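Next comes coords-v2.txt, a file with compact mmCIF, C-alpha atoms.
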# COMPACT_ATOMS: atom_id res chain seq x y z
CA MET G 165 2.80 212.05 -34.83
CA SER G 166 0.51 211.00 -31.98
CA ASN G 167 2.23 213.57 -29.80
CA GLU G 168 1.15 216.30 -32.20
CA GLN G 169 -2.42 215.00 -32.25
CA ASN G 170 -2.72 215.49 -28.50
CA ARG G 171 -1.50 219.05 -28.56
CA THR G 172 -3.79 222.05 -28.85
CA ASP G 173 -3.63 224.38 -31.82
CA GLU G 174 -2.05 227.01 -29.64
CA GLU G 175 0.64 224.64 -28.39
CA LEU G 176 1.41 223.63 -31.96
CA ALA G 177 1.54 227.24 -33.08
CA ARG G 178 3.90 228.08 -30.20
CA ALA G 179 6.15 225.18 -31.21
CA ALA G 180 6.01 226.19 -34.89
CA LYS G 181 6.99 229.70 -33.83
CA GLY G 182 10.13 228.12 -32.44
CA GLY G 183 10.83 226.44 -35.77
CA ASP G 184 9.22 223.04 -35.08
CA ALA G 185 8.37 221.74 -38.56
CA ASP G 186 6.39 218.75 -37.19
CA ALA G 187 4.14 221.08 -35.23
CA TYR G 188 3.55 223.16 -38.34
CA ASP G 189 2.75 220.00 -40.32
CA ALA G 190 0.14 219.10 -37.73
CA LEU G 191 -1.44 222.53 -38.06
CA VAL G 192 -1.51 222.17 -41.84
CA ARG G 193 -3.20 218.77 -41.52
CA ARG G 194 -5.80 220.19 -39.15
CA TYR G 195 -6.56 223.36 -41.05
CA LEU G 196 -6.10 222.51 -44.71
CA ARG G 197 -9.58 221.23 -45.42
CA PRO G 198 -11.46 223.80 -43.29
CA ALA G 199 -9.43 226.57 -44.91
CA MET G 200 -10.29 225.21 -48.37
CA ALA G 201 -13.97 225.02 -47.45
CA LEU G 202 -13.87 228.59 -46.19
CA ALA G 203 -11.99 229.87 -49.24
CA TRP G 204 -14.44 228.10 -51.54
CA GLN G 205 -17.30 230.10 -50.00
CA TYR G 206 -15.65 233.17 -51.47
CA THR G 207 -14.15 231.93 -54.72
CA ARG G 208 -16.59 229.16 -55.73
CA ARG G 209 -13.77 227.51 -57.64
CA VAL G 210 -11.45 224.89 -56.23
CA GLU G 211 -8.42 226.26 -58.10
CA ASP G 212 -8.95 229.76 -56.75
CA ALA G 213 -9.70 228.43 -53.27
CA GLU G 214 -6.42 226.54 -53.43
CA ASP G 215 -4.55 229.76 -54.28
CA VAL G 216 -6.25 231.52 -51.38
CA VAL G 217 -5.36 228.72 -48.97
CA GLN G 218 -1.75 228.58 -50.09
CA GLU G 219 -1.44 232.33 -49.72
CA GLY G 220 -3.21 232.14 -46.36
CA PHE G 221 -0.75 229.59 -45.00
CA HIS G 222 2.11 231.54 -46.58
CA ARG G 223 1.09 234.70 -44.73
CA ALA G 224 0.30 232.83 -41.53
CA VAL G 225 3.70 231.17 -41.24
CA ARG G 226 5.42 234.50 -41.84
CA ALA G 227 3.22 236.21 -39.26
CA LEU G 228 3.59 233.45 -36.64
CA SER G 229 6.10 235.55 -34.71
CA ASP G 230 3.33 238.11 -34.15
CA TYR G 231 0.75 235.52 -33.13
CA ASP G 232 -0.22 235.69 -29.46
CA ASP G 233 -0.67 232.05 -28.42
CA ARG G 234 -2.95 233.05 -25.53
CA ARG G 235 -5.60 233.68 -28.16
CA PRO G 236 -7.31 231.00 -30.27
CA PHE G 237 -5.22 230.01 -33.26
CA SER G 238 -8.31 229.19 -35.32
CA ALA G 239 -9.73 232.72 -35.13
CA TRP G 240 -6.35 234.22 -36.00
CA PHE G 241 -5.75 231.87 -38.93
CA TYR G 242 -9.26 232.09 -40.40
CA THR G 243 -9.07 235.88 -40.27
CA ILE G 244 -5.98 235.68 -42.47
CA VAL G 245 -7.71 233.29 -44.90
CA ARG G 246 -10.82 235.50 -45.08
CA ASN G 247 -8.70 238.58 -45.74
CA VAL G 248 -6.78 236.79 -48.49
CA ALA G 249 -10.04 235.55 -49.99
CA ARG G 250 -11.61 239.02 -49.94
CA THR G 251 -8.53 240.47 -51.62
CA ALA G 252 -8.60 237.71 -54.22
CA ILE G 253 -12.25 238.22 -55.15
CA SER G 254 -11.93 241.99 -55.13
CA LYS G 255 -9.16 241.62 -57.73
CA ASP G 256 -11.42 239.41 -59.80
CA GLY G 257 -14.45 241.59 -60.42
CA ARG G 258 -16.36 238.84 -62.21
CA ARG G 259 -16.35 236.37 -59.35
CA ALA G 260 -16.60 239.12 -56.77
CA ALA G 261 -19.93 240.01 -58.29
CA LEU G 262 -20.97 236.37 -58.23
CA ALA G 263 -19.89 235.49 -54.74
CA PRO G 264 -19.79 238.40 -52.37
CA LEU G 265 -19.85 236.57 -49.04
CA THR G 266 -21.06 239.22 -46.67
CA LEU G 267 -20.67 238.72 -42.97
CA LEU G 268 -23.19 241.40 -42.09
CA GLU G 269 -26.06 240.42 -39.87
CA ASP G 270 -28.59 242.38 -41.94
CA GLU G 271 -28.59 240.52 -45.18
CA PRO G 272 -30.34 241.41 -48.40
CA PRO G 273 -33.50 239.45 -49.00
CA ALA G 274 -32.94 236.29 -50.99
CA PRO G 275 -34.60 235.82 -54.39
CA SER G 276 -38.12 234.54 -54.31
CA PRO G 277 -38.42 230.80 -53.58
CA PRO G 278 -40.55 229.93 -56.62
CA ASP G 279 -37.55 230.63 -58.89
CA ALA G 280 -35.55 228.09 -56.99
CA ILE G 281 -38.33 225.54 -57.37
CA ALA G 282 -38.39 226.17 -61.10
CA ALA G 283 -34.67 225.48 -61.25
CA GLY G 284 -35.52 222.16 -59.80
CA ASP G 285 -32.67 221.19 -57.51
CA VAL G 286 -31.37 221.70 -54.01
CA ALA G 287 -28.10 223.21 -55.19
CA ARG G 288 -29.95 225.99 -56.97
CA ALA G 289 -32.13 226.58 -53.94
CA ILE G 290 -29.03 226.96 -51.82
CA GLU G 291 -27.58 229.38 -54.38
CA ASP G 292 -30.64 231.54 -53.83
CA LEU G 293 -30.05 231.88 -50.13
CA ALA G 294 -28.42 234.99 -48.72
CA PRO G 295 -24.60 234.68 -48.82
CA MET G 296 -24.13 234.07 -45.10
CA GLN G 297 -26.90 231.49 -45.06
CA GLN G 298 -25.33 229.78 -48.05
CA ALA G 299 -21.99 229.66 -46.31
CA CYS G 300 -23.50 228.20 -43.14
CA VAL G 301 -25.51 225.60 -45.04
CA ARG G 302 -22.57 224.59 -47.19
CA LEU G 303 -20.12 224.39 -44.32
CA CYS G 304 -22.44 222.58 -41.92
CA HIS G 305 -24.60 220.46 -44.22
CA LEU G 306 -22.43 219.85 -47.26
CA GLU G 307 -18.90 219.94 -45.83
CA GLY G 308 -19.82 218.41 -42.49
CA PHE G 309 -18.44 220.99 -40.08
CA THR G 310 -20.10 221.71 -36.77
CA SER G 311 -21.71 225.08 -36.12
CA ILE G 312 -18.84 225.87 -33.74
CA GLU G 313 -16.29 225.13 -36.47
CA ALA G 314 -18.27 227.06 -39.07
CA GLY G 315 -18.57 229.99 -36.67
CA ALA G 316 -14.80 230.06 -36.17
CA MET G 317 -14.25 229.90 -39.91
CA LEU G 318 -16.70 232.69 -40.68
CA GLY G 319 -15.69 234.82 -37.71
CA VAL G 320 -19.08 234.70 -36.03
CA SER G 321 -20.46 232.97 -32.97
CA GLU G 322 -21.97 229.50 -32.94
CA GLY G 323 -25.33 231.10 -32.13
CA THR G 324 -25.13 233.26 -35.24
CA VAL G 325 -24.42 230.20 -37.37
CA ARG G 326 -27.41 228.40 -35.84
CA THR G 327 -29.61 231.41 -36.54
CA HIS G 328 -28.49 231.49 -40.18
CA LEU G 329 -29.04 227.75 -40.47
CA HIS G 330 -32.51 228.05 -39.00
CA ARG G 331 -33.45 230.83 -41.43
CA ALA G 332 -31.88 228.94 -44.32
CA ARG G 333 -33.75 225.71 -43.54
CA LYS G 334 -36.99 227.61 -43.24
CA GLN G 335 -36.46 229.24 -46.60
CA LEU G 336 -35.33 226.01 -48.23
CA ARG G 337 -38.38 224.20 -46.89
CA THR G 338 -40.55 226.86 -48.43
CA ALA G 339 -38.63 226.73 -51.69
CA MET G 340 -38.73 222.96 -51.83
CA ASP G 341 -42.31 222.78 -50.65
CA PRO G 342 -43.44 219.96 -52.97
CA ARG G 343 -40.60 217.86 -51.65
CA GLN G 344 -40.77 218.71 -47.99
CA GLY G 345 -38.72 216.38 -45.91
CA MET G 346 -35.64 216.38 -48.13
CA LEU G 347 -33.79 218.62 -45.71
CA GLN G 348 -35.32 217.35 -42.49
CA MET L 60 -8.44 215.29 -42.28
CA MET L 61 -12.16 214.87 -42.53
CA ALA L 62 -13.83 211.79 -43.92
CA GLU L 63 -14.96 211.68 -47.52
CA ASN L 64 -18.13 213.64 -48.10
CA PRO L 65 -20.06 213.13 -51.36
CA ASN L 66 -21.88 216.46 -50.95
CA SER L 67 -18.68 218.43 -50.63
CA ASN L 68 -17.62 220.99 -53.19
CA LEU L 69 -14.03 220.11 -52.44
CA PRO L 70 -11.89 217.41 -54.07
CA GLN L 71 -12.20 213.98 -52.47
CA ASP L 72 -8.96 212.51 -53.78
CA PRO L 73 -6.57 212.00 -50.83
CA GLU L 74 -3.64 212.53 -53.19
CA TYR L 75 -4.92 216.00 -54.00
CA TRP L 76 -4.85 216.92 -50.30
CA ALA L 77 -1.47 215.29 -49.76
CA GLY L 78 -0.02 217.27 -52.67
CA LEU L 79 -1.51 220.55 -51.49
CA ALA L 80 -0.28 219.97 -47.93
CA SER L 81 3.16 219.13 -49.27
CA ARG L 82 3.33 222.38 -51.27
CA ILE L 83 2.26 224.38 -48.22
CA ARG L 84 4.88 222.68 -46.07
CA GLU L 85 7.59 223.35 -48.63
CA ASP L 86 6.59 226.99 -48.71
CA ALA L 87 6.95 227.19 -44.94
CA ALA L 88 10.40 225.61 -44.77
CA GLY L 89 12.29 228.91 -45.02
CA PRO L 90 10.44 230.77 -42.27
CA LEU L 91 10.53 227.74 -39.97
CA VAL L 92 14.30 227.44 -40.34
CA ALA L 93 14.60 231.16 -39.59
CA TYR L 94 12.43 230.76 -36.48
CA ALA L 95 14.58 227.87 -35.29
CA ALA L 96 17.77 229.86 -35.87
CA ALA L 97 16.38 232.78 -33.94
CA GLN L 98 15.80 230.65 -30.86
CA GLU L 99 17.74 231.75 -27.80
CA GLY L 100 20.95 229.95 -26.80
CA TRP L 101 22.10 229.59 -23.19
CA TYR L 102 24.45 232.56 -23.67
CA ASP L 103 21.48 234.74 -24.66
CA VAL L 104 19.83 233.91 -21.36
CA LEU L 105 23.05 234.80 -19.52
CA SER L 106 23.53 238.04 -21.41
CA GLU L 107 19.98 239.09 -20.63
CA ARG L 108 20.77 238.69 -16.94
CA ALA L 109 24.32 240.08 -17.09
CA ALA L 110 23.65 243.20 -15.00
CA TRP L 111 21.89 241.18 -12.32
CA LEU L 112 24.70 238.60 -12.26
CA VAL L 113 27.39 241.31 -11.88
CA ALA L 114 25.48 242.90 -9.01
CA ALA L 115 25.02 239.52 -7.33
CA SER L 116 28.72 238.69 -7.71
CA ALA L 117 29.74 242.06 -6.20
CA ALA L 118 27.36 241.52 -3.29
CA ALA L 119 28.78 238.05 -2.69
CA MET L 120 32.34 239.48 -2.62
CA VAL L 121 31.35 242.12 -0.05
CA ILE L 122 29.64 239.50 2.11
CA LEU L 123 32.73 237.26 1.98
CA TRP L 124 34.99 240.18 2.91
CA LEU L 125 32.77 241.06 5.85
CA ALA L 126 32.73 237.43 6.94
CA LEU L 127 36.54 237.17 7.09
CA PRO L 128 37.74 236.42 10.67
CA SER L 129 39.22 239.31 12.69
CA ASN L 130 42.99 239.35 13.52
CA ASP L 131 42.55 238.17 17.08
CA SER L 132 40.09 235.36 16.40
CA VAL L 133 40.98 231.70 16.88
CA ALA L 134 40.21 231.00 13.24
CA PHE L 135 42.60 233.73 12.15
CA ARG L 136 45.39 232.35 14.29
CA TRP L 137 44.91 228.89 12.86
CA MET L 138 44.91 230.36 9.41
CA GLU L 139 48.05 232.37 10.21
CA ARG L 140 49.80 229.28 11.50
CA SER L 141 48.85 227.27 8.44
CA LEU L 142 50.16 229.97 6.13
CA ALA L 143 53.35 230.71 8.06
CA PRO L 144 56.65 229.06 7.01
CA ASP L 145 56.80 225.75 8.75
CA GLY L 146 60.27 224.84 9.99
CA VAL L 147 59.29 221.26 10.78
CA ALA L 148 57.82 220.74 7.34
CA GLY L 149 60.99 222.20 5.83
CA SER L 150 63.20 219.81 7.77
CA LEU L 151 60.87 216.92 6.94
CA VAL L 152 61.18 217.55 3.25
CA GLY L 153 64.67 218.99 2.86
CA GLY L 154 66.56 218.00 6.04
CA PRO L 155 69.27 215.31 6.09
CA THR L 156 67.33 213.45 8.81
CA PRO L 157 63.63 213.42 9.54
CA PRO L 158 62.44 215.32 12.60
CA SER L 159 61.73 213.29 15.72
CA VAL L 160 58.21 212.52 16.87
CA GLU L 161 58.75 214.78 19.84
CA VAL L 162 59.52 217.70 17.54
CA LEU L 163 56.48 216.97 15.39
CA MET L 164 54.17 216.68 18.39
CA ALA L 165 55.49 219.92 19.82
CA GLN L 166 54.05 221.72 16.80
CA PHE L 167 50.50 220.76 17.73
CA ARG L 168 50.74 221.00 21.49
CA PRO L 169 48.52 223.77 22.82
CA ALA L 170 50.39 226.65 24.43
CA SER L 171 48.16 226.33 27.48
CA LEU L 172 49.57 222.83 28.13
CA ASP L 173 53.13 224.17 28.19
CA GLU L 174 52.09 226.88 30.57
CA ALA L 175 50.41 224.33 32.84
CA ARG L 176 53.61 222.24 32.93
CA ARG L 177 55.54 225.22 34.07
Do you think you could lay out the structure here as structure tokens?
Amino acid sequence: MSNEQNRTDEELARAAKGGDADAYDALVRRYLRPAMALAWQYTRRVEDAEDVVQEGFHRAVRALSDYDDRRPFSAWFYTIVRNVARTAISKDGRRAALAPLTLLEDEPPAPSPPDAIAAGDVARAIEDLAPMQQACVRLCHLEGFTSIEAGAMLGVSEGTVRTHLHRARKQLRTAMDPRQGMLQ
Amino acid sequence: MMAENPNSNLPQDPEYWAGLASRIREDAAGPLVAYAAAQEGWYDVLSERAAWLVAASAAAMVILWLALPSNDSVAFRWMERSLAPDGVAGSLVGGPTPPSVEVLMAQFRPASLDEARR
């Protein structure tokens, strides 16, 4: 067990490629929760996120023979999870309309802050952020991942995550103006 | 696994995560067994290098042939003597009486010594 903990993702993936079940277990332990958090950003339902994650791991283990272990495992794996999640929400038109997590830099303007204030809670204010800002805030502030981890999960750089967080905080501060300091 | 986080949208029950991980591991069992079976054996490594090994063996045979002593070399004469039928050895093994020490010693006396005596 401790042996697996000391190995890098790439070393574990290389071992799993050779049929090492313990190495694969270690990868599952490392990536299960981040993958669920990422999938949730798309599906907004734990059950659906679970399906996405299971399918993501299913595809990943079958594609391991094609994985180039000179490249980061995290980027490769999260790309699979994002693709599965996009496919899942595109099949489900209702949720796709509710949670289109766009990874574009130019995001649509978020709804006006006063609406969020009227709703009266932080969760609603976060809902009103642009999708990428929501994802960054949820992953970094609610799920506890670092901006580096969130960047890997979302397929963007750490700097991009920080930029989204900065914009999101600014907007949330404005939206939560009477209660400034809540998100400090 | 990350620590419990009350703000998380994800389940906090450790059993939930253990169950999910278990299902994912079960799902991966087939492919992992296939990967293990596809691993190379020592004979695969040899077969990959078969052409090189044949060439190396042929080269080694040629080198050995070239390195054989010539007919008139001392080494060849020693080899010839060792391979030739040995009358003393025959009498030692099959004769009614063993050969004398003088006869045995005569086998290993250098020819030059005999010539010098004369």
*Dump as a ChimeraX atom specification the residues of chain G that approach chain L to within 10 Å, counting all atoms listed in the file.*
/G:179-186,188-189,192-198,200-201,204-205,208-210,213-214,217-229,302-303,305-309
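Taking atom CA of Asn247 of chain G and atom CA of Ala287 of chain G as endpoints, the distance between them is 26.5 Å.
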*Would you list the contacts of Leu329 of chain G as a ChimeraX atom specification, taking every protein, DNA or RNA residue within 12 Å and counting only C-alpha atoms, but skipping same-chain residues closer than 4 positions in sequence?*
/G:290,293-305,310-311,314-315,322-325,333-337,347
*To one decimal in Å, tell me the separation between atom CA of Arg234 of chain G and atom CA of Arg171 of chain G.*
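So the two atoms, atom CA of Arg234 of chain G and atom CA of Arg171 of chain G, lie 14.4 Å apart.
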*Figure out the distance between atom CA of Ala203 of chain G and atom CA of Phe241 of chain G, please, to one decimal in Å.*
12.2 Å
*asked:* When you count all atoms listed in the file, which of these residues is closest to Trp240 of chain G: G:Ala252, G:Leu202, G:Leu191, G:Met317?
replied: G:Met317
All heavy atoms are what I want for segment 150-161 of chain L; can you complete it accordingly and write them as a compact mmCIF listing (two decimals), in the coordinates of the input?
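Saved the output as selection-v6.txt:
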# COMPACT_ATOMS: atom_id res chain seq x y z
N SER L 150 62.20 220.83 7.41
CA SER L 150 63.20 219.81 7.77
C SER L 150 62.74 218.42 7.35
O SER L 150 63.55 217.55 7.03
CB SER L 150 63.48 219.84 9.29
OG SER L 150 62.29 219.50 9.98
N LEU L 151 61.41 218.23 7.35
CA LEU L 151 60.87 216.92 6.94
C LEU L 151 61.16 216.66 5.47
O LEU L 151 61.53 215.56 5.07
CB LEU L 151 59.36 216.89 7.21
CG LEU L 151 58.63 215.59 6.93
CD1 LEU L 151 59.07 214.53 7.95
CD2 LEU L 151 57.12 215.76 7.02
N VAL L 152 61.01 217.72 4.69
CA VAL L 152 61.18 217.55 3.25
C VAL L 152 62.65 217.65 2.84
O VAL L 152 63.15 216.83 2.06
CB VAL L 152 60.34 218.61 2.48
CG1 VAL L 152 60.60 218.53 0.97
CG2 VAL L 152 58.86 218.43 2.80
N GLY L 153 63.32 218.71 3.37
CA GLY L 153 64.67 218.99 2.86
C GLY L 153 65.81 218.62 3.80
O GLY L 153 66.97 218.69 3.41
N GLY L 154 65.50 218.27 5.07
CA GLY L 154 66.56 218.00 6.04
C GLY L 154 67.27 216.68 5.78
O GLY L 154 66.71 215.79 5.13
N PRO L 155 68.53 216.56 6.28
CA PRO L 155 69.27 215.31 6.09
C PRO L 155 68.62 214.16 6.86
O PRO L 155 68.67 213.02 6.43
CB PRO L 155 70.65 215.64 6.62
CG PRO L 155 70.47 216.85 7.50
CD PRO L 155 69.27 217.57 7.03
N THR L 156 68.01 214.50 8.03
CA THR L 156 67.33 213.45 8.81
C THR L 156 65.92 213.92 9.13
O THR L 156 65.69 215.12 9.26
CB THR L 156 68.05 213.18 10.15
OG1 THR L 156 68.17 214.44 10.82
CG2 THR L 156 69.41 212.55 9.93
N PRO L 157 65.00 213.00 9.22
CA PRO L 157 63.63 213.42 9.54
C PRO L 157 63.53 213.91 10.98
O PRO L 157 64.31 213.47 11.83
CB PRO L 157 62.82 212.13 9.33
CG PRO L 157 63.79 211.03 9.46
CD PRO L 157 65.10 211.55 9.01
N PRO L 158 62.61 214.83 11.24
CA PRO L 158 62.44 215.32 12.60
C PRO L 158 61.90 214.21 13.51
O PRO L 158 61.21 213.30 13.05
CB PRO L 158 61.42 216.45 12.47
CG PRO L 158 60.70 216.16 11.22
CD PRO L 158 61.65 215.42 10.33
N SER L 159 62.20 214.30 14.77
CA SER L 159 61.73 213.29 15.72
C SER L 159 60.24 213.48 15.99
O SER L 159 59.69 214.56 15.73
CB SER L 159 62.50 213.41 17.03
OG SER L 159 62.19 214.65 17.64
N VAL L 160 59.64 212.45 16.54
CA VAL L 160 58.21 212.52 16.87
C VAL L 160 57.96 213.61 17.89
O VAL L 160 56.98 214.35 17.83
CB VAL L 160 57.71 211.15 17.41
CG1 VAL L 160 56.30 211.25 17.92
CG2 VAL L 160 57.82 210.10 16.32
N GLU L 161 58.89 213.75 18.80
CA GLU L 161 58.75 214.78 19.84
C GLU L 161 58.66 216.17 19.22
O GLU L 161 57.81 216.98 19.59
CB GLU L 161 59.95 214.69 20.79
CG GLU L 161 59.96 215.71 21.91
CD GLU L 161 58.85 215.47 22.92
OE1 GLU L 161 58.31 214.35 22.97
OE2 GLU L 161 58.52 216.41 23.66
